[in-house]
Every structure is written in structure tokens, then in C-alpha cells.
$ cat upload_30.cif   # mmCIF, C-alpha atoms and all ligand atoms
data_entry
#
loop_
_atom_site.label_atom_id
_atom_site.label_comp_id
_atom_site.auth_asym_id
_atom_site.auth_seq_id
_atom_site.Cartn_x
_atom_site.Cartn_y
_atom_site.Cartn_z
CA MET A 1 35.15 -8.68 23.73
CA ASN A 2 33.44 -10.72 21.02
CA ASP A 3 35.32 -11.81 17.91
CA ALA A 4 34.76 -9.56 14.93
CA PRO A 5 32.25 -11.31 12.67
CA GLU A 6 33.44 -12.45 9.27
CA LEU A 7 30.89 -10.87 7.00
CA GLY A 8 30.98 -11.65 3.31
CA GLU A 9 30.34 -9.08 0.62
CA LEU A 10 26.68 -8.08 0.19
CA VAL A 11 25.41 -9.79 -2.95
CA PRO A 12 21.62 -10.09 -2.91
CA PRO A 13 20.16 -12.72 -5.24
CA ASP A 14 18.56 -11.48 -8.43
CA ARG A 15 14.82 -11.60 -7.74
CA THR A 16 11.72 -10.62 -9.63
CA LEU A 17 9.41 -9.42 -6.88
CA MET A 18 5.81 -10.41 -7.66
CA GLY A 19 4.58 -10.83 -4.09
CA PRO A 20 2.58 -8.46 -1.86
CA GLY A 21 5.57 -6.11 -1.50
CA PRO A 22 8.28 -5.08 -1.61
CA SER A 23 8.09 -4.73 -5.38
CA ASP A 24 10.97 -4.21 -7.78
CA VAL A 25 12.59 -0.82 -7.23
CA HIS A 26 13.10 1.37 -10.28
CA PRO A 27 16.83 1.72 -11.17
CA ARG A 28 16.60 5.51 -11.00
CA VAL A 29 15.25 5.21 -7.46
CA LEU A 30 18.08 2.86 -6.49
CA ARG A 31 20.63 5.31 -7.87
CA SER A 32 19.10 8.21 -5.95
CA MET A 33 19.93 6.41 -2.71
CA ALA A 34 23.63 6.30 -3.54
CA THR A 35 23.91 10.11 -3.60
CA PRO A 36 25.52 12.06 -0.71
CA LEU A 37 23.58 12.95 2.41
CA VAL A 38 22.81 16.46 3.60
CA GLY A 39 21.79 17.53 7.08
CA TYR A 40 18.12 17.35 8.01
CA LEU A 41 17.82 21.15 8.15
CA ASP A 42 19.97 21.85 5.09
CA ASP A 43 18.13 24.03 2.57
CA TYR A 44 18.49 21.17 0.11
CA CYS A 45 16.75 18.75 2.48
CA VAL A 46 13.93 21.24 3.01
CA GLU A 47 13.59 21.54 -0.76
CA ILE A 48 13.41 17.74 -1.09
CA MET A 49 10.68 17.65 1.56
CA ASN A 50 8.73 20.37 -0.24
CA ASP A 51 9.03 18.41 -3.48
CA ILE A 52 7.82 15.26 -1.73
CA GLN A 53 4.81 17.07 -0.29
CA GLU A 54 3.93 18.42 -3.72
CA GLY A 55 4.40 14.97 -5.29
CA LEU A 56 2.30 13.35 -2.58
CA ARG A 57 -0.57 15.82 -3.08
CA TYR A 58 -0.55 14.82 -6.75
CA LEU A 59 -0.47 11.12 -5.83
CA PHE A 60 -3.25 11.41 -3.23
CA GLU A 61 -5.31 13.80 -5.39
CA THR A 62 -5.61 16.19 -2.49
CA ASP A 63 -5.06 19.80 -1.53
CA ASN A 64 -4.60 18.84 2.13
CA GLU A 65 -1.90 20.93 3.76
CA HIS A 66 -1.04 18.15 6.20
CA THR A 67 0.53 15.76 3.70
CA LEU A 68 3.87 14.16 4.54
CA ALA A 69 5.95 10.98 4.63
CA VAL A 70 6.07 9.09 7.94
CA SER A 71 9.53 7.75 8.84
CA GLY A 72 8.74 4.06 8.80
CA THR A 73 6.85 1.49 6.76
CA GLY A 74 3.15 1.34 5.94
CA SER A 75 2.34 0.07 9.44
CA ALA A 76 3.93 3.18 10.94
CA ALA A 77 1.63 5.26 8.75
CA MET A 78 -1.30 3.13 9.89
CA GLU A 79 -0.29 3.72 13.50
CA THR A 80 0.13 7.46 12.86
CA ALA A 81 -3.44 7.60 11.55
CA PHE A 82 -5.08 5.78 14.45
CA ALA A 83 -2.80 7.05 17.24
CA ASN A 84 -3.55 10.66 16.35
CA LEU A 85 -7.23 10.40 15.47
CA VAL A 86 -8.41 8.02 18.19
CA GLU A 87 -8.68 9.16 21.80
CA PRO A 88 -8.95 6.67 24.66
CA GLY A 89 -12.54 5.50 25.07
CA GLU A 90 -13.60 6.35 21.53
CA THR A 91 -15.44 3.74 19.48
CA VAL A 92 -13.66 2.59 16.33
CA LEU A 93 -15.14 0.51 13.53
CA VAL A 94 -12.83 -1.68 11.42
CA PRO A 95 -13.40 -4.48 8.88
CA ASP A 96 -12.83 -8.18 9.59
CA ASN A 97 -12.52 -9.38 5.99
CA GLY A 98 -8.73 -9.39 5.82
CA TYR A 99 -5.42 -9.33 7.60
CA PHE A 100 -4.80 -5.57 7.42
CA GLY A 101 -8.28 -4.65 8.62
CA ALA A 102 -7.48 -6.78 11.68
CA ARG A 103 -4.19 -4.91 12.16
CA MET A 104 -6.16 -1.64 12.18
CA GLY A 105 -8.16 -3.02 15.09
CA GLU A 106 -5.05 -4.01 17.06
CA ILE A 107 -3.47 -0.61 16.55
CA ALA A 108 -6.65 1.33 17.37
CA GLU A 109 -7.05 -0.73 20.54
CA ARG A 110 -3.55 0.22 21.71
CA ALA A 111 -4.52 3.84 21.11
CA GLY A 112 -7.26 3.26 23.68
CA GLY A 113 -10.12 2.74 21.23
CA GLU A 114 -13.04 0.40 21.76
CA ILE A 115 -13.17 -1.78 18.70
CA HIS A 116 -16.17 -3.06 16.78
CA THR A 117 -16.00 -4.86 13.48
CA VAL A 118 -18.09 -4.82 10.34
CA SER A 119 -18.05 -8.22 8.68
CA ALA A 120 -17.67 -9.59 5.19
CA PRO A 121 -16.24 -12.93 4.10
CA TRP A 122 -12.52 -13.03 3.21
CA GLY A 123 -12.48 -12.53 -0.56
CA GLU A 124 -15.33 -9.99 -0.60
CA PRO A 125 -15.48 -6.24 0.08
CA LEU A 126 -17.57 -4.56 2.77
CA ASP A 127 -21.20 -4.02 1.86
CA PRO A 128 -22.23 -0.38 2.54
CA ALA A 129 -25.52 -1.65 4.03
CA ASP A 130 -23.52 -3.58 6.64
CA VAL A 131 -21.40 -0.50 7.37
CA GLU A 132 -24.58 1.53 7.86
CA ALA A 133 -26.00 -1.12 10.20
CA ALA A 134 -22.76 -1.15 12.20
CA PHE A 135 -22.95 2.65 12.54
CA ASP A 136 -26.54 2.38 13.80
CA GLU A 137 -25.57 -0.29 16.31
CA HIS A 138 -22.23 1.01 17.64
CA SER A 139 -22.04 4.75 16.79
CA PRO A 140 -18.29 4.78 16.07
CA THR A 141 -16.47 8.10 15.81
CA VAL A 142 -13.69 6.67 13.64
CA PHE A 143 -14.16 4.18 10.78
CA GLY A 144 -11.14 2.54 9.16
CA PHE A 145 -11.31 0.54 5.95
CA VAL A 146 -8.83 -1.04 3.56
CA HIS A 147 -9.02 0.12 -0.05
CA GLY A 148 -6.81 -2.67 -1.42
CA GLU A 149 -6.74 -5.66 0.96
CA THR A 150 -3.45 -7.40 0.20
CA SER A 151 -4.40 -10.59 2.06
CA THR A 152 -7.35 -11.29 -0.25
CA GLY A 153 -6.77 -9.25 -3.42
CA VAL A 154 -10.08 -7.41 -3.03
CA ARG A 155 -10.70 -3.78 -3.96
CA GLN A 156 -13.21 -1.81 -1.90
CA THR A 157 -14.93 -0.11 -4.81
CA ASN A 158 -17.58 2.07 -3.20
CA VAL A 159 -15.44 4.42 -1.13
CA PRO A 160 -17.65 7.54 -1.61
CA GLU A 161 -20.63 5.63 -0.23
CA LEU A 162 -18.64 4.57 2.84
CA THR A 163 -17.40 8.09 3.57
CA GLU A 164 -20.92 9.45 3.15
CA ILE A 165 -22.27 7.02 5.76
CA ALA A 166 -19.47 7.97 8.16
CA HIS A 167 -19.95 11.71 7.68
CA ALA A 168 -23.73 11.46 8.06
CA ASN A 169 -22.83 10.06 11.51
CA ASP A 170 -20.24 12.78 12.26
CA ALA A 171 -17.48 10.19 12.16
CA TYR A 172 -14.02 10.29 10.57
CA THR A 173 -12.72 7.89 7.94
CA ILE A 174 -9.25 6.37 7.65
CA ALA A 175 -8.34 4.59 4.40
CA ASP A 176 -5.49 2.10 4.04
CA THR A 177 -4.15 2.43 0.49
CA VAL A 178 -0.75 0.80 1.12
CA ALA A 179 -1.20 -1.70 -1.71
CA SER A 180 -3.33 0.45 -4.00
CA LEU A 181 -2.24 4.11 -4.07
CA GLY A 182 -0.36 4.76 -7.28
CA GLY A 183 -1.65 1.47 -8.70
CA VAL A 184 -5.41 1.93 -8.98
CA GLU A 185 -7.73 4.92 -8.86
CA PHE A 186 -8.02 6.64 -5.50
CA ARG A 187 -9.24 10.21 -4.99
CA THR A 188 -8.74 11.57 -1.49
CA ASP A 189 -10.58 14.88 -1.95
CA GLY A 190 -13.04 13.63 -4.57
CA TRP A 191 -14.13 10.77 -2.32
CA ASP A 192 -14.02 12.86 0.85
CA VAL A 193 -11.72 10.68 2.96
CA ASP A 194 -10.39 12.25 6.19
CA VAL A 195 -7.09 10.39 6.58
CA VAL A 196 -5.35 8.32 3.92
CA TYR A 197 -2.04 6.51 4.26
CA SER A 198 0.10 4.33 2.04
CA GLY A 199 3.55 2.78 1.71
CA SER A 200 6.52 3.28 -0.58
CA GLN A 201 7.53 -0.30 -1.42
CA LYS A 202 4.38 -1.49 -3.13
CA CYS A 203 2.99 0.61 -5.99
CA LEU A 204 5.59 3.39 -5.83
CA SER A 205 8.67 1.40 -6.92
CA ALA A 206 10.68 2.65 -3.93
CA PRO A 207 12.21 0.84 -0.95
CA PRO A 208 10.26 0.63 2.33
CA GLY A 209 10.79 3.31 4.95
CA ALA A 210 8.99 6.56 4.06
CA SER A 211 5.22 6.24 4.04
CA PRO A 212 2.78 8.76 2.55
CA ILE A 213 -0.03 10.08 4.72
CA THR A 214 -2.51 12.94 4.44
CA PHE A 215 -4.95 14.54 6.89
CA THR A 216 -7.81 16.91 6.09
CA ASP A 217 -8.12 20.15 8.08
CA ARG A 218 -11.19 18.61 9.75
CA ALA A 219 -9.11 15.62 10.90
CA MET A 220 -6.33 17.93 12.11
CA GLU A 221 -8.83 19.92 14.17
CA LYS A 222 -9.73 16.68 15.93
CA VAL A 223 -6.02 16.01 16.55
CA HIS A 224 -5.48 19.55 17.91
CA ALA A 225 -8.52 19.20 20.19
CA ARG A 226 -7.29 16.02 21.90
CA GLU A 227 -7.62 15.99 25.68
CA GLU A 228 -4.76 13.54 26.14
CA PRO A 229 -1.54 13.70 24.12
CA VAL A 230 -0.92 10.99 21.55
CA ARG A 231 0.57 8.00 23.38
CA SER A 232 3.35 7.60 20.81
CA TRP A 233 5.93 10.38 21.01
CA TYR A 234 7.52 9.48 17.68
CA LEU A 235 4.30 9.46 15.67
CA ASP A 236 2.58 12.41 17.35
CA LEU A 237 1.64 14.78 14.53
CA GLU A 238 1.91 17.82 16.77
CA GLY A 239 5.64 17.11 16.94
CA VAL A 240 6.14 15.62 13.47
CA TRP A 241 4.45 18.62 11.87
CA GLU A 242 6.94 20.99 13.51
CA TYR A 243 9.41 19.46 11.08
CA TRP A 244 7.21 18.88 8.00
CA GLY A 245 5.24 22.13 8.41
CA ASP A 246 6.49 25.70 7.94
CA GLU A 247 8.50 25.79 11.16
CA ARG A 248 11.00 23.16 10.01
CA ASN A 249 12.20 22.46 13.53
CA TYR A 250 14.05 19.31 14.46
CA HIS A 251 11.80 16.50 15.62
CA HIS A 252 13.72 13.38 14.56
CA THR A 253 16.41 12.93 11.93
CA ALA A 254 14.86 12.59 8.50
CA PRO A 255 15.75 9.30 6.79
CA VAL A 256 17.51 11.35 4.13
CA SER A 257 18.40 8.60 1.63
CA THR A 258 14.92 7.14 1.89
CA LEU A 259 13.43 10.57 1.18
CA TYR A 260 15.65 10.89 -1.89
CA ALA A 261 14.23 7.56 -3.05
CA LEU A 262 10.64 8.63 -2.44
CA ARG A 263 11.22 11.90 -4.27
CA GLU A 264 12.64 10.05 -7.28
CA ALA A 265 9.67 7.65 -7.22
CA LEU A 266 7.27 10.62 -7.19
CA ARG A 267 9.22 12.22 -10.01
CA LEU A 268 8.77 9.03 -12.06
CA LEU A 269 5.07 9.08 -11.25
CA ALA A 270 4.72 12.69 -12.39
CA GLU A 271 6.54 11.90 -15.64
CA GLU A 272 4.29 8.93 -16.39
CA GLY A 273 1.11 10.65 -15.17
CA LEU A 274 -1.17 9.33 -12.42
CA GLU A 275 -3.93 8.10 -14.70
CA ALA A 276 -1.43 6.52 -17.10
CA THR A 277 0.01 4.67 -14.11
CA TRP A 278 -3.44 3.32 -13.19
CA ASP A 279 -3.93 2.27 -16.82
CA ARG A 280 -0.57 0.49 -16.89
CA HIS A 281 -1.37 -1.50 -13.76
CA GLU A 282 -4.76 -2.48 -15.16
CA ARG A 283 -3.36 -3.48 -18.55
CA VAL A 284 -0.33 -5.39 -17.28
CA ALA A 285 -2.17 -7.12 -14.44
CA GLY A 286 -5.03 -7.76 -16.87
CA ALA A 287 -2.59 -9.74 -19.02
CA LEU A 288 -1.53 -11.68 -15.93
CA ALA A 289 -5.17 -12.45 -15.11
CA SER A 290 -5.87 -13.52 -18.73
CA GLY A 291 -2.79 -15.74 -18.63
CA VAL A 292 -3.71 -17.62 -15.47
CA ASP A 293 -7.31 -17.87 -16.64
CA ALA A 294 -6.38 -19.33 -20.03
CA MET A 295 -4.03 -21.74 -18.29
CA GLY A 296 -7.06 -23.10 -16.45
CA VAL A 297 -6.53 -21.46 -13.04
CA GLY A 298 -8.86 -18.61 -12.10
CA LEU A 299 -8.73 -15.67 -9.71
CA ASN A 300 -10.50 -15.90 -6.37
CA VAL A 301 -12.29 -12.56 -6.68
CA ALA A 302 -15.35 -11.21 -8.50
CA GLU A 303 -14.38 -9.15 -11.54
CA GLU A 304 -15.85 -5.91 -10.20
CA HIS A 305 -13.69 -6.13 -7.04
CA TRP A 306 -10.50 -7.25 -8.77
CA LEU A 307 -7.46 -5.41 -7.42
CA PRO A 308 -4.92 -5.33 -10.28
CA THR A 309 -2.06 -4.77 -7.85
CA LEU A 310 -2.64 -8.06 -5.99
CA ASN A 311 -4.00 -11.09 -7.82
CA PRO A 312 -5.42 -13.97 -5.74
CA VAL A 313 -4.72 -16.92 -8.03
CA ARG A 314 -6.53 -20.13 -7.05
CA VAL A 315 -4.37 -23.11 -6.09
CA PRO A 316 -5.30 -25.98 -8.47
CA ASN A 317 -6.68 -29.17 -6.92
CA GLY A 318 -4.12 -31.51 -5.43
CA ILE A 319 -1.26 -29.00 -5.63
CA ASP A 320 0.98 -28.16 -2.66
CA GLU A 321 1.19 -24.39 -2.94
CA GLY A 322 4.30 -24.15 -0.77
CA GLU A 323 6.18 -26.38 -3.21
CA VAL A 324 5.20 -24.18 -6.16
CA ILE A 325 6.25 -21.01 -4.30
CA ASP A 326 9.62 -22.56 -3.37
CA ARG A 327 10.30 -23.74 -6.90
CA LEU A 328 9.43 -20.37 -8.42
CA VAL A 329 11.99 -18.64 -6.26
CA ASP A 330 14.68 -21.36 -6.41
CA GLU A 331 14.48 -22.15 -10.11
CA HIS A 332 13.19 -18.90 -11.59
CA GLY A 333 14.09 -16.20 -9.06
CA ILE A 334 10.44 -15.12 -8.85
CA GLU A 335 8.89 -14.26 -5.49
CA ILE A 336 5.18 -14.82 -4.90
CA VAL A 337 3.45 -15.84 -1.65
CA GLY A 338 0.57 -17.97 -0.43
CA GLY A 339 -2.74 -17.11 1.22
CA LEU A 340 -3.34 -16.05 4.81
CA GLY A 341 -6.09 -16.74 7.34
CA ALA A 342 -9.23 -18.11 5.74
CA LEU A 343 -7.47 -18.29 2.35
CA ASP A 344 -4.40 -20.20 3.57
CA GLY A 345 -3.75 -23.01 1.07
CA GLU A 346 -6.49 -21.67 -1.24
CA ILE A 347 -4.66 -18.96 -3.17
CA PHE A 348 -1.32 -17.73 -4.42
CA ARG A 349 -0.92 -13.98 -4.01
CA VAL A 350 0.71 -12.49 -7.08
CA GLY A 351 1.56 -8.83 -6.87
CA CYS A 352 1.75 -6.54 -9.87
CA MET A 353 2.76 -3.21 -8.40
CA GLY A 354 4.97 -0.31 -9.31
CA HIS A 355 8.09 -1.26 -11.23
CA SER A 356 6.98 -4.90 -11.02
CA ALA A 357 3.92 -4.02 -13.13
CA ARG A 358 5.84 -4.42 -16.39
CA PRO A 359 5.12 -6.66 -19.39
CA ALA A 360 8.48 -8.43 -18.99
CA ASN A 361 7.66 -9.46 -15.43
CA VAL A 362 4.25 -10.81 -16.37
CA THR A 363 5.61 -12.75 -19.33
CA GLN A 364 8.33 -14.24 -17.17
CA PHE A 365 5.90 -15.09 -14.37
CA ILE A 366 3.29 -16.73 -16.60
CA ALA A 367 5.90 -18.91 -18.32
CA ALA A 368 7.51 -20.01 -15.04
CA PHE A 369 4.22 -20.50 -13.17
CA GLY A 370 2.71 -22.58 -16.01
CA SER A 371 5.72 -24.86 -16.28
CA VAL A 372 6.09 -25.40 -12.52
CA LEU A 373 2.36 -26.16 -12.14
CA ALA A 374 2.49 -28.63 -15.04
CA GLU A 375 5.58 -30.34 -13.60
CA GLU A 376 3.81 -30.62 -10.25
CA GLY A 377 1.01 -32.49 -12.02
CA ALA A 378 -1.66 -29.78 -12.18
CA ASP A 379 -4.23 -29.96 -14.95
CA VAL A 380 -3.15 -26.77 -16.68
CA ASP A 381 -2.30 -25.61 -20.20
CA PRO A 382 0.87 -23.49 -19.90
CA GLU A 383 0.98 -22.65 -23.61
CA ALA A 384 -2.56 -21.33 -23.62
CA GLY A 385 -1.59 -19.17 -20.61
CA ALA A 386 1.51 -17.77 -22.27
CA GLY A 387 -0.41 -17.11 -25.48
CA ALA A 388 -3.25 -15.29 -23.74
CA ALA A 389 -0.86 -13.12 -21.72
CA ALA A 390 1.18 -12.27 -24.82
CA SER A 391 -1.83 -11.32 -26.89
CA ALA A 392 -3.26 -9.21 -24.04
CA LEU A 393 0.05 -7.36 -23.78
CA GLY A 394 0.33 -6.78 -27.52
CA PRO A 395 3.26 -7.24 -29.89
CA ASP A 396 5.54 -4.41 -28.75
CA ALA A 397 5.00 -4.80 -25.02
CA LEU A 398 8.44 -6.14 -24.18
CA GLU A 399 10.11 -3.11 -25.74
CA GLU A 400 8.34 -0.70 -23.39
CA THR A 401 10.59 1.03 -20.93
CA ILE A 402 8.96 2.30 -17.79
C1 LIG A 501 1.87 -4.02 3.27
C2 LIG A 501 0.60 -3.50 3.83
C3 LIG A 501 0.54 -2.85 5.07
C4 LIG A 501 1.72 -2.78 6.00
O1 LIG A 501 2.78 -2.12 5.46
P1 LIG A 501 4.29 -2.42 5.96
O2 LIG A 501 5.06 -1.55 5.01
O3 LIG A 501 4.52 -3.87 5.77
O4 LIG A 501 4.41 -1.99 7.34
C5 LIG A 501 -0.66 -2.32 5.48
N1 LIG A 501 -1.76 -2.41 4.72
C6 LIG A 501 -1.76 -3.04 3.52
C7 LIG A 501 -3.01 -3.09 2.73
C8 LIG A 501 -0.56 -3.59 3.04
O5 LIG A 501 -0.58 -4.20 1.86
#
$ encode --input "upload_30.cif" --output "C-alpha cells"
Amino acid sequence: MNDAPELGELVPPDRTLMGPGPSDVHPRVLRSMATPLVGYLDDYCVEIMNDIQEGLRYLFETDNEHTLAVSGTGSAAMETAFANLVEPGETVLVPDNGYFGARMGEIAERAGGEIHTVSAPWGEPLDPADVEAAFDEHSPTVFGFVHGETSTGVRQTNVPELTEIAHANDAYTIADTVASLGGVEFRTDGWDVDVVYSGSQKCLSAPPGASPITFTDRAMEKVHAREEPVRSWYLDLEGVWEYWGDERNYHHTAPVSTLYALREALRLLAEEGLEATWDRHERVAGALASGVDAMGVGLNVAEEHWLPTLNPVRVPNGIDEGEVIDRLVDEHGIEIVGGLGALDGEIFRVGCMGHSARPANVTQFIAAFGSVLAEEGADVDPEAGAGAAASALGPDALEETI
């Protein structure tokens, strides 16, 4: 028998989470997780699930019946989308302009799909003309795209055009909104997207573990018509829907505390209002962008594709970005991260999502970032940055409670 480990008390450090997720969790959401559990078929649990489905339809802007929370993080929702919609041998089109588009390809391949990519440089969105050309060349039946690409900080702005191209070719669309839903405008029904998924720990101010997803009836007909069962038992919607649909039969134990958290996050969203939430993200992240700009460090994205929830801040010349990231967390308790892939060493990725999208966080970040950069020898003007952020936020910003 092994010796019992000597585990100290759990005391996480006090962090301000301004990276690509998780974001700060709202205190009300944290408290909801400390409430007693009920069984997964208790009437109360069923009520919570109904509330979540209603809250998710509001969040997604959809009337889709098949709207639920996958037990798992955003990647589990991604896998649910592709595993159910893609049958072995089907052709799947995915983007190659970011890390999460690439993950779509890996997942779709494991579902048996044949993968083709539509290209754009890292730091730019897909061009609809290129998507159309890829449809003409490869005739995919499923087209996945990333609405908010967290690896580059780029927003895919022309979603209705993309879905129109796919539908003109009788294909289905899957949208990744893990880092954008609840942060910037997205309209599932209005933009005619077949499957949309997200995550809880980015724009929703909740912990990771219960991930929103919605399927249109048309997409569900494709799932029902499969010749071969979904290769993942756990994520197979035929089984999962026995629990989330009217039958309410056991499939797997609901992550009860995580569902409480998601429900509280959706309750906060309903209180604030979806459009007010989008406005807050734009205003608060706008102040962040003004601050870094005035400091003398720009964003690595064209203004029309700026994703307020994830800001790709350029690394100034001669600066070791790893050193800046380490100092921010060690000396200021602020988490941000660096670039990936083609943007490794080129950008800092500064998230502004959910409960992290607050004036106090931005003020704190701009002050700390400016002083660390200046101490590292960058040619920046920290005071100009702080001033620009403060005036963009307005005089009463720090008194706002969200
Ligand atoms: C974070 C993220 C994911 C993956 O979500 P996990 O919760 O880490 O599994 C997928 N897509 C995008 C755009 C993301 O930002």
C-alpha cells in the first residue's frame, strides 16, 4: 500500500484571468456550485435542465429543439458536432487559418471524414470567394468554420454568406463559437447555421465542463439517417437526447454542480440582456484596444475583423514575450498568453470575456502591461495607454457592478 499523500489545503492564487480562457467566474456562479446535489432524475434536476435549454435558446438566438449542454469542455462539443454529423467517407471542409480550425480537421478525420481545407493567412478571416472555390473543387457535405478564432483574435464576419454557399451546395455548416458566443453578435437562426457549439469558461463567466450546442431539425434528420452509428458512445446524440429530450432517461450522470453553474451564468446573461452583453464586451475591450494603441503597441488584426473577446496585441520589437507574460502573472497576478503557430512570438493574446470583460480588469491590465513593457526596455508610453483606456471607459466605469 502506498503512503497517504500529504496534501495541503487548497488555496489557489488570486488571478485576474485575461487569457484565452478560462475567464474570471462570476461570484454568483461560484456560489451556485457550493449548493447541495440532487439526483440526475430528480424533478429539480429536470427543471434545471429545462431552464438551461431555455437559457441556451436565448443565448444562441434559436428555436432549435435540440439545444443542450454537452458534459465536457468546448472540445467535447466540437467532437459532438463532427462525430454526429459526419459519416465515414464524407468530405469535410475546414479552415487552415488558426489552431481551432485545425482541431476541427483532426476531429472530423477521426469521425471518418475526408478532410479538405480552405486557406487564409493566420490573422485573417476566410474569404467567401475562397470558400465557394473550395466547394466547387471538393464538394464537401459538411463545412466547419470558426466564428471567433482564439489563436489569432480574428472574427469571421460574413457568416450568412458562408452558410448560403454551403446550403446552395446542399451541405451542412458547423460553427465554433467557443470564444465568441455571449461576447459578440451571433445569430444561429438568423444566419441559418446548422450546428453551433460553444464553451462555458470563456464568455459565459462559468467554469469549464458543460458546453452549449444546438442542432437544427435538418441537421438532426441527417443524424437520424446515419447508416453507421456514431463512433463515440458518450457523445452520440441518439443516446444523449434520451436524457436531454422529453424521455429523460438515464444516459450518463449529469455533472450536476456544473449545470448549476451554467444555469446561474445563463440567469446572469438574461438579467443583463444579450445585446447589452455584446455592447459591454465591445466597450470594455475597445478601451483595452485604445489603451494598447495609445501606448504605442497595436493589434495584429484589421479593425473590421477585430474580435473584442480576444485581442492579439503585437509584441514590441526586441521584447521577449515570455518574460513579459511571466512577470505579469508573478508580479501582478494577471494571466495572458503568447501566440501560437504562425503568430508564435509575434503577439500576446489578451482575452476580454465574460466576467473578465470589466472596466476594473482592463484598467489593471493596461497599467501592469505598460509598466512591465517599459521596464523591459520597450519603446512605449504607459501613461498615454492608461489615459486612453480611462477616457474610453468613462469616469464612472470602475463603479459598475456586473
Ligand atoms: C477554447 C476553444 C476551444 C476548445 O475548448 P476547450 O474548452 O478548451 O475544450 C475550441 N474552439 C475555440 C475557438 C476555443 O477558443
$ closest_residue --input "upload_30.cif" --among "A:Val11, A:Val329, A:Ile115, A:Ala254" --to "Gly39 of chain A" --atoms "only C-alpha atoms"
A:Ala254
$ atom_distance --input "upload_30.cif" --atom1 "atom CA of Leu393 of chain A" --atom2 "atom CA of Pro359 of chain A"
6.7 Å
$ closest_residue --input "upload_30.cif" --among "A:Glu109, A:Asp176, A:Glu114, A:Glu335" --to "ligand LIG 501 (chain A)" --atoms "all atoms listed in the file"
A:Asp176
$ closest_atom_pairs --input "upload_30.cif" --of "chain A" --to "ligand LIG 501 (chain A)" --cutoff "6 Å" --atoms "only C-alpha atoms and all ligand atoms" --output "CSV"
residue,atom,partner,partner_atom,distance
A:Thr73,CA,A:LIG501,O2,3.9
A:Gly74,CA,A:LIG501,O1,3.5
A:Ser75,CA,A:LIG501,O4,3.6
A:Phe100,CA,A:LIG501,N1,5.1
A:Gly148,CA,A:LIG501,C7,5.6
A:Glu149,CA,A:LIG501,C7,4.9
A:Thr150,CA,A:LIG501,O5,4.6
A:Asp176,CA,A:LIG501,N1,5.9
A:Val178,CA,A:LIG501,C6,4.6
A:Ala179,CA,A:LIG501,O5,4.4
A:Gly199,CA,A:LIG501,O2,5.6
$ residues_around --input "upload_30.cif" --residues "Val193 of chain A" --least-positions-apart "5" --cutoff "12 Å" --atoms "all atoms listed in the file" --output "PyMOL selection string"
chain A and resi 60-62+64+142-145+147+159-167+171-177+186-188+213-219
$ residues_near_point --input "upload_30.cif" --point "(-18.9, -2.6, 1.6)" --cutoff "10 Å" --atoms "all atoms listed in the file" --output "number ranges by chain"
A: 95, 118-120, 124-132, 145, 155-159, 161-162
$ atom_distance --input "upload_30.cif" --atom1 "atom CA of His252 of chain A" --atom2 "atom CA of Asp194 of chain A"
25.5 Å
$ build_atoms --input "upload_30.cif" --residues "segment 252-263 of chain A" --atoms "N, CA and C atoms" --output "short mmCIF file (atom, residue, chain, number, x, y, z; two decimals), in the frame of the given file"
data_model
loop_
_atom_site.label_atom_id
_atom_site.label_comp_id
_atom_site.auth_asym_id
_atom_site.auth_seq_id
_atom_site.Cartn_x
_atom_site.Cartn_y
_atom_site.Cartn_z
N HIS A 252 12.80 14.52 14.61
CA HIS A 252 13.72 13.38 14.56
C HIS A 252 14.45 13.47 13.22
N THR A 253 15.61 12.84 13.15
CA THR A 253 16.41 12.93 11.93
C THR A 253 15.67 12.33 10.74
N ALA A 254 15.52 13.11 9.70
CA ALA A 254 14.86 12.59 8.50
C ALA A 254 15.68 11.44 7.93
N PRO A 255 15.01 10.38 7.47
CA PRO A 255 15.75 9.30 6.79
C PRO A 255 16.12 9.79 5.38
N VAL A 256 17.20 10.54 5.32
CA VAL A 256 17.51 11.35 4.13
C VAL A 256 17.54 10.51 2.84
N SER A 257 18.28 9.40 2.86
CA SER A 257 18.40 8.60 1.63
C SER A 257 17.05 8.04 1.20
N THR A 258 16.24 7.68 2.19
CA THR A 258 14.92 7.14 1.89
C THR A 258 14.01 8.23 1.31
N LEU A 259 14.21 9.46 1.77
CA LEU A 259 13.43 10.57 1.18
C LEU A 259 13.89 10.85 -0.25
N TYR A 260 15.19 10.75 -0.50
CA TYR A 260 15.65 10.89 -1.89
C TYR A 260 14.92 9.88 -2.77
N ALA A 261 14.86 8.64 -2.26
CA ALA A 261 14.23 7.56 -3.05
C ALA A 261 12.76 7.87 -3.31
N LEU A 262 12.06 8.33 -2.27
CA LEU A 262 10.64 8.63 -2.44
C LEU A 262 10.45 9.78 -3.43
N ARG A 263 11.33 10.77 -3.34
CA ARG A 263 11.22 11.90 -4.27
C ARG A 263 11.42 11.42 -5.72
#
